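Asker: Provided herewith: work24.cif, mmCIF, C-alpha atoms.
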data_structure
#
loop_
_atom_site.label_atom_id
_atom_site.label_comp_id
_atom_site.auth_asym_id
_atom_site.auth_seq_id
_atom_site.Cartn_x
_atom_site.Cartn_y
_atom_site.Cartn_z
CA LYS K 1221 64.12 20.15 -55.61
CA PHE K 1222 62.81 23.41 -54.19
CA SER K 1223 59.68 23.61 -52.09
CA ARG K 1224 57.09 26.22 -52.88
CA PRO K 1225 56.79 29.05 -50.36
CA GLN K 1226 53.91 29.03 -47.93
CA TYR K 1227 51.73 32.11 -47.64
CA ASN K 1228 50.68 33.50 -44.28
CA LYS K 1229 47.99 36.06 -43.62
CA ILE K 1230 48.67 39.45 -42.08
CA PHE K 1231 46.55 42.58 -41.68
CA ALA K 1232 47.61 46.07 -42.71
CA PRO K 1233 47.31 48.94 -40.18
CA ASP K 1234 43.94 49.82 -41.80
CA SER K 1235 42.81 46.17 -41.23
CA TYR K 1236 43.04 45.25 -44.90
CA PRO K 1237 43.95 41.54 -45.35
CA MET K 1238 47.38 40.89 -46.87
CA VAL K 1239 49.57 37.83 -47.45
CA TYR K 1240 53.34 37.25 -47.41
CA ASN K 1241 55.46 34.24 -48.27
CA THR K 1242 57.73 32.64 -45.71
CA TYR K 1243 60.86 33.41 -47.77
CA SER K 1244 60.34 37.15 -47.24
CA ASP K 1245 60.00 36.78 -43.45
CA THR K 1246 63.51 37.49 -42.14
CA LEU K 1247 64.92 38.11 -38.67
CA ASP K 1248 68.09 40.18 -38.17
CA THR K 1249 69.85 39.85 -34.80
CA LYS K 1250 73.30 41.25 -35.70
CA ASP K 1251 72.67 44.45 -33.71
CA LEU K 1252 71.75 42.56 -30.52
CA LYS K 1253 74.73 42.33 -28.18
CA THR K 1254 75.00 40.25 -25.03
CA MET K 1255 77.88 40.16 -22.57
CA VAL K 1256 78.30 37.74 -19.67
CA LEU K 1257 80.24 38.37 -16.47
CA THR K 1258 80.83 35.16 -14.52
CA GLY K 1259 82.09 34.57 -11.02
CA ALA K 1260 82.64 31.38 -9.02
CA ILE K 1261 84.02 30.30 -5.66
CA GLN K 1262 84.84 26.92 -4.16
CA ILE K 1263 84.37 26.28 -0.45
CA GLY K 1264 85.58 22.79 0.34
CA LYS K 1265 83.34 20.40 -1.58
CA LEU K 1266 80.83 23.14 -2.46
CA SER K 1267 81.16 25.25 -5.63
CA LEU K 1268 79.04 28.38 -6.13
CA GLY K 1269 78.73 30.44 -9.28
CA ALA K 1270 76.71 33.23 -10.86
CA ASN K 1271 76.29 34.97 -14.22
CA TYR K 1272 75.38 38.59 -14.94
CA ASN K 1273 74.03 38.77 -18.50
CA SER K 1274 73.97 42.20 -20.12
CA ILE K 1275 71.52 42.59 -23.03
CA LYS K 1276 71.63 45.60 -25.33
CA GLY K 1277 70.67 46.22 -28.96
CA GLU K 1278 67.81 45.39 -31.28
CA ILE K 1279 66.19 42.67 -33.37
CA THR K 1280 64.60 43.55 -36.71
CA ARG K 1281 61.97 41.54 -38.57
CA THR K 1282 60.98 42.33 -42.16
CA GLN K 1283 58.12 40.98 -44.28
CA GLN K 1284 56.98 41.61 -47.84
CA GLY K 1285 53.83 40.59 -49.68
CA ARG K 1286 50.63 41.77 -51.36
CA ASN K 1287 46.95 42.03 -50.72
CA THR K 1288 44.72 38.98 -51.03
CA LEU K 1289 43.36 39.75 -54.50
CA VAL K 1290 44.04 37.16 -57.18
CA ALA K 1291 47.59 37.44 -58.52
CA GLY K 1292 47.80 39.33 -61.81
CA THR K 1293 45.15 41.91 -61.00
CA GLN K 1294 45.85 45.52 -60.09
CA ASN K 1295 46.79 45.33 -56.42
CA ASN K 1296 49.15 46.79 -53.88
CA ARG K 1297 52.27 45.32 -52.32
CA PHE K 1298 53.57 45.99 -48.81
CA TYR K 1299 56.80 46.11 -46.86
CA GLN K 1300 56.84 45.90 -43.07
CA LYS K 1301 59.75 46.40 -40.68
CA GLU K 1302 59.36 45.69 -36.97
CA THR K 1303 62.11 46.74 -34.57
CA VAL K 1304 62.40 45.63 -30.95
CA SER K 1305 65.11 47.27 -28.83
CA PHE K 1306 66.47 45.78 -25.58
CA ASP K 1307 68.43 47.33 -22.72
CA GLY K 1308 68.87 45.51 -19.42
CA TYR K 1309 70.16 42.41 -17.68
CA THR K 1310 69.33 38.96 -16.32
CA MET K 1311 71.07 36.81 -13.71
CA ASP K 1312 71.79 33.10 -13.20
CA ALA K 1313 73.12 31.20 -10.18
CA GLY K 1314 74.23 27.66 -9.51
CA ALA K 1315 75.76 25.31 -6.95
CA LEU K 1316 77.55 21.95 -7.11
CA PHE K 1317 78.29 19.71 -4.14
CA ASP K 1318 81.01 17.13 -4.87
CA MET K 1319 80.79 14.07 -2.61
CA GLY K 1320 83.18 11.97 -4.64
CA ALA K 1321 81.16 9.28 -6.36
CA LEU K 1322 77.97 11.35 -5.86
CA ARG K 1323 77.52 14.91 -7.08
CA LEU K 1324 74.49 17.09 -6.37
CA GLY K 1325 73.72 20.24 -8.30
CA ALA K 1326 71.17 23.02 -8.65
CA SER K 1327 70.82 26.06 -10.86
CA ALA K 1328 68.45 28.97 -11.35
CA ARG K 1329 68.52 30.63 -14.78
CA ASN K 1330 66.98 34.07 -15.32
CA PHE K 1331 65.91 34.18 -11.67
CA LYS K 1332 66.29 37.95 -11.65
CA GLY K 1333 66.46 40.71 -14.21
CA SER K 1334 64.99 43.80 -15.78
CA VAL K 1335 64.99 44.67 -19.47
CA ASP K 1336 63.49 47.77 -21.08
CA VAL K 1337 61.84 46.84 -24.37
CA LYS K 1338 60.86 49.33 -27.08
CA ARG K 1339 58.78 48.33 -30.10
CA ALA K 1340 58.20 50.19 -33.36
CA THR K 1341 56.70 49.23 -36.73
CA VAL K 1342 57.08 50.86 -40.14
CA TRP K 1343 54.60 49.84 -42.86
CA GLN K 1344 54.74 50.86 -46.51
CA ASP K 1345 52.09 50.12 -49.13
CA THR K 1346 53.00 50.55 -52.80
CA PHE K 1347 49.83 50.96 -54.83
CA VAL K 1348 49.85 50.19 -58.55
CA GLY K 1349 49.57 53.54 -60.32
CA ALA K 1350 48.73 55.42 -57.11
CA GLY K 1351 52.02 56.02 -55.28
CA THR K 1352 52.87 54.83 -51.77
CA TRP K 1353 51.39 55.03 -48.29
CA ASP K 1354 53.72 55.09 -45.29
CA TRP K 1355 52.63 54.38 -41.71
CA THR K 1356 54.70 54.38 -38.52
CA SER K 1357 53.30 52.96 -35.32
CA PRO K 1358 53.44 54.92 -32.07
CA SER K 1359 56.51 53.68 -30.21
CA SER K 1360 55.81 51.62 -27.09
CA LYS K 1361 58.03 50.87 -24.12
CA GLU K 1362 57.73 48.36 -21.30
CA ALA K 1363 59.94 46.96 -18.56
CA ILE K 1364 60.08 43.16 -18.48
CA THR K 1365 61.07 41.49 -15.22
CA LYS K 1366 60.12 37.85 -15.94
CA PHE K 1367 62.12 35.76 -18.39
CA ALA K 1368 60.81 32.20 -18.07
CA PRO K 1369 62.93 31.47 -14.96
CA THR K 1370 64.24 27.91 -15.08
CA THR K 1371 65.16 25.88 -12.00
CA THR K 1372 67.16 22.68 -12.31
CA VAL K 1373 68.12 20.15 -9.64
CA GLY K 1374 70.07 17.01 -10.37
CA LEU K 1375 72.50 14.35 -9.31
CA ALA K 1376 75.27 12.35 -10.92
CA ILE K 1377 76.78 9.04 -9.87
CA MET K 1378 80.36 8.35 -10.91
CA LEU K 1379 80.94 4.61 -11.30
CA GLY K 1380 84.71 4.67 -11.31
CA LYS K 1381 86.30 6.56 -14.22
CA ILE K 1382 84.35 4.67 -16.86
CA VAL K 1383 80.60 5.21 -16.34
CA THR K 1384 78.60 8.24 -15.23
CA VAL K 1385 74.81 8.22 -14.69
CA ASP K 1386 72.85 11.41 -14.07
CA ALA K 1387 69.29 12.57 -13.56
CA ASP K 1388 67.80 16.08 -13.67
CA TYR K 1389 64.49 17.72 -12.91
CA VAL K 1390 63.82 20.99 -14.74
CA SER K 1391 60.99 23.44 -14.09
CA THR K 1392 60.30 26.48 -16.29
CA ALA K 1393 57.69 29.11 -15.45
CA MET K 1394 56.44 30.79 -18.64
CA GLU K 1395 54.16 33.79 -18.84
CA ASP K 1396 51.19 31.74 -20.04
CA GLY K 1397 52.13 28.29 -18.81
CA LYS K 1398 54.58 26.00 -17.07
CA LYS K 1399 56.92 23.24 -18.13
CA GLN K 1400 58.33 20.44 -15.98
CA GLN K 1401 60.80 18.00 -17.47
CA GLY K 1402 62.76 14.97 -16.31
CA ARG K 1403 66.04 13.90 -17.89
CA LEU K 1404 68.09 10.73 -17.46
CA GLY K 1405 71.46 10.24 -19.09
CA GLY K 1406 74.62 8.17 -19.10
CA GLU K 1407 78.20 8.52 -20.28
CA LEU K 1408 80.70 5.79 -21.08
CA ALA K 1409 84.42 6.51 -21.34
CA VAL K 1410 85.33 4.38 -24.35
CA ILE K 1411 88.88 5.73 -24.19
CA PRO K 1412 89.20 7.63 -20.86
CA GLY K 1413 90.16 11.25 -21.39
CA PHE K 1414 89.72 11.04 -25.16
CA LEU K 1415 86.58 9.30 -26.47
CA PHE K 1416 83.16 9.19 -24.78
CA ALA K 1417 79.76 7.78 -25.74
CA ARG K 1418 76.60 9.41 -24.37
CA CYS K 1419 72.91 8.62 -24.41
CA GLY K 1420 69.84 9.98 -22.68
CA VAL K 1421 66.08 10.28 -22.52
CA LYS K 1422 63.80 13.11 -21.46
CA ALA K 1423 60.10 13.48 -20.78
CA ASP K 1424 57.75 16.38 -20.14
CA PHE K 1425 55.76 15.74 -16.97
CA LYS K 1426 53.95 18.99 -17.70
CA ASN K 1427 54.08 21.27 -20.73
CA LYS K 1428 51.12 23.54 -20.21
CA ILE K 1429 50.51 26.56 -22.39
CA GLY K 1430 47.15 28.19 -21.86
CA ASP K 1431 44.61 25.40 -21.49
CA GLN K 1432 46.67 22.75 -23.27
CA ASP K 1433 49.05 20.30 -21.61
CA ASN K 1434 51.37 18.79 -24.22
CA LYS K 1435 53.12 16.10 -22.22
CA THR K 1436 55.65 13.97 -24.12
#
Translate this file's structure into structure tokens.
Answerer:
Amino acid sequence: KFSRPQYNKIFAPDSYPMVYNTYSDTLDTKDLKTMVLTGAIQIGKLSLGANYNSIKGEITRTQQGRNTLVAGTQNNRFYQKETVSFDGYTMDAGALFDMGALRLGASARNFKGSVDVKRATVWQDTFVGAGTWDWTSPSSKEAITKFAPTTTVGLAIMLGKIVTVDADYVSTAMEDGKKQQGRLGGELAVIPGFLFARCGVKADFKNKIGDQDNKT
């Protein structure tokens, strides 16, 4: 059984209302390349590590559809291609303090970085019996220095070699909101070194985007 496609509204560069189905909305990330350089050091019971994440390449989104006239009438169809190019880096850091049965950890993801972002859009209208109209947006460029930095602090308690219990607190600062989450988990070594069973729960203490707080 196949579901029918949903139609979403979009506006042409001349503000004319158009629609496209979700099947035609595709995202191509094959030209986006990321490389990670990792380093770590252990000083007694303290382990420190960091990642340098290189980001380079582009993501392309394509959409196809028609204007909002009733299907079957003389109307025009469109093709849109949006390209976003990236060139830059982000950095992560973390620490783990091993006290035997008790382990304390902290990490900061995307705490620093700078990525140059270029955006461009190509729009093509194909009119029935009247040729085509091509439009290319002026290219734009901006430097992004905030990437929803995420800070995590947590602890784990090792109950022998059989049971591990852990708890984490995660805070993410988004451009238009903030998210704070708590996580509690456990692991049971059914067959130590071979088979493990895990379970966990999580809850959003705060999940605010704009004026809405979607706690769960």
Asker: Go through K:Thr1392, K:Thr1384, K:Asn1427, K:Thr1346 and flag the residue nearest Leu1404 (chain K), using only C-alpha atoms for the distances.
Answerer: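 The shortest atom-to-atom distance to Leu1404 (chain K) comes from K:Thr1384.
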Asker: Determine the residue set returned by the PyMOL selection byres ((chain K and resi 1266-1273) around 8) for the present structure, and present it as a list of chain:residue names.
Answerer: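 That selection, the PyMOL selection byres ((chain K and resi 1266-1273) around 8), comes back as K:Thr1254, K:Met1255, K:Val1256, K:Leu1257, K:Thr1258, K:Gly1259, K:Ala1260, K:Ile1261, K:Gln1262, K:Ile1263, K:Gly1264, K:Lys1265, K:Ser1274, K:Ile1275, K:Tyr1309, K:Thr1310, K:Met1311, K:Asp1312, K:Ala1313, K:Gly1314, K:Ala1315, K:Leu1316, K:Phe1317, K:Asp1318.
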Asker: Written as a PyMOL selection string, what is the full residue list that the PyMOL selection byres ((chain K and resi 1367) around 9) yields on the file shown?
Answerer: chain K and resi 1310+1329-1334+1364-1366+1368-1370+1393-1395
Asker: If we count only C-alpha atoms, what is near Ser1391 (chain K) at a cut-off of 9 Å, once residues fewer than 6 positions away on the same chain are taken out, given as a list in words?
Answerer: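 Within the cut-off, the hits are Pro1369, Thr1370, Thr1371, Thr1372, Lys1398, Lys1399, Gln1400, Gln1401 and Gly1402 of chain K.
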Asker: Could you check the closest approach to Ala1363 (chain K) for each of K:Val1337, K:Val1410, K:Ala1328, K:Leu1379 and tell me which residue wins, using only C-alpha atoms?
Answerer: K:Val1337
Asker: Could you tell me which residues the PyMOL selection byres ((chain K and resi 1429) around 8) grabs in this file, written as a short mmCIF file (atom, residue, chain, number, x, y, z; two decimals) with C-alpha atoms, in the frame of the given file?
Answerer:
data_model
loop_
_atom_site.label_atom_id
_atom_site.label_comp_id
_atom_site.auth_asym_id
_atom_site.auth_seq_id
_atom_site.Cartn_x
_atom_site.Cartn_y
_atom_site.Cartn_z
CA ASP K 1396 51.19 31.74 -20.04
CA GLY K 1397 52.13 28.29 -18.81
CA LYS K 1398 54.58 26.00 -17.07
CA ASN K 1427 54.08 21.27 -20.73
CA LYS K 1428 51.12 23.54 -20.21
CA GLY K 1430 47.15 28.19 -21.86
CA ASP K 1431 44.61 25.40 -21.49
CA GLN K 1432 46.67 22.75 -23.27
CA ASP K 1433 49.05 20.30 -21.61
#
Asker: Between CA of Phe1416 (chain K) and CA of Ala1376 (chain K), what distance in Å does the model show, to one decimal?
Answerer: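 So the answer is 16.3 Å.
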Asker: Just how far from CA of Asp1386 (chain K) is CA of Asp1424 (chain K), in Å to one decimal?
Answerer: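 Pair CA of Asp1424 (chain K) / CA of Asp1386 (chain K) returns 17.0 Å.
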Asker: Env of Ala1409 (chain K): 12 Å cut, atoms = only C-alpha atoms, seq-sep filter 4 positions within chain, self excluded. Answer as a PyMOL selection string.
Answerer: chain K and resi 1378-1385+1413-1418
Asker: Would you kindly return, as a list of chain:residue names, each protein, DNA or RNA residue with an atom no farther than 9 Å from any atom of Ser1359 (chain K), considering only C-alpha atoms and excluding same-chain residues fewer than 3 positions away?
Answerer: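 Here the qualifying residues turn out to be K:Lys1338, K:Arg1339, K:Ala1340, K:Thr1341, K:Thr1356.
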Asker: Looking at K:Asp1354, K:Thr1280, K:Ala1387, K:Lys1253, which one is nearest to Gly1325 (chain K), with distances taken over all atoms listed in the file?
Answerer: K:Ala1387
Asker: Need to verify the contact set: Lys1301 (chain K), 9 Å, all atoms listed in the file, exclusion of same-chain residues closer than 2 positions in sequence. Can you return it as a list in words?
Answerer: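 Listing them by chain and then by number gives Thr1280, Arg1281, Thr1282, Gln1283, Tyr1299, Thr1303, Ala1340, Thr1341, Val1342, Trp1343 and Gln1344 of chain K.
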Asker: Using all atoms listed in the file for the distances, tell me which of K:Ser1305, K:Ser1327, K:Ser1244, K:Asn1434 is nearest to Gln1284 (chain K).
Answerer: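 Going through K:Ser1305, K:Ser1327, K:Ser1244, K:Asn1434 one by one, the smallest distance to Gln1284 (chain K) is for K:Ser1244.
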Asker: So, with only C-alpha atoms as the atoms that count, which of K:Trp1353, K:Phe1298, K:Tyr1240, K:Phe1306 lies closest to Leu1252 (chain K)?
Answerer: K:Phe1306
Asker: Extract, using all atoms listed in the file, all DNA, RNA and protein residues at most 9 Å from Cys1419 (chain K), discarding same-chain residues fewer than 4 positions from it, and format them as an mmCIF file with C-alpha atoms, in the frame of the given file.
Answerer:
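Heads up, here's the output in part-v4.cif:
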data_model
loop_
_atom_site.group_PDB
_atom_site.id
_atom_site.type_symbol
_atom_site.label_atom_id
_atom_site.label_comp_id
_atom_site.auth_asym_id
_atom_site.auth_seq_id
_atom_site.Cartn_x
_atom_site.Cartn_y
_atom_site.Cartn_z
ATOM 1 C CA LEU K 1404 68.090 10.730 -17.460
ATOM 2 C CA GLY K 1405 71.460 10.240 -19.090
ATOM 3 C CA GLY K 1406 74.620 8.170 -19.100
ATOM 4 C CA GLU K 1407 78.200 8.520 -20.280
ATOM 5 C CA LEU K 1408 80.700 5.790 -21.080
#
Asker: What is the CA of Lys1250 (chain K)-CA of Glu1302 (chain K) distance in Å, reported with one decimal?
Answerer: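 Here the two named atoms are 14.7 Å from each other.
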Asker: Take every atom of region 1329-1340 of chain K listed in the file, pad by 5 Å on each side, and give me the axis-aligned box centre and edge lengths in Å, one decimal, as lines of an AutoDock Vina configuration file.
Answerer:
center_x = 63.4
center_y = 40.4
center_z = -22.5
size_x = 20.3
size_y = 29.6
size_z = 31.7
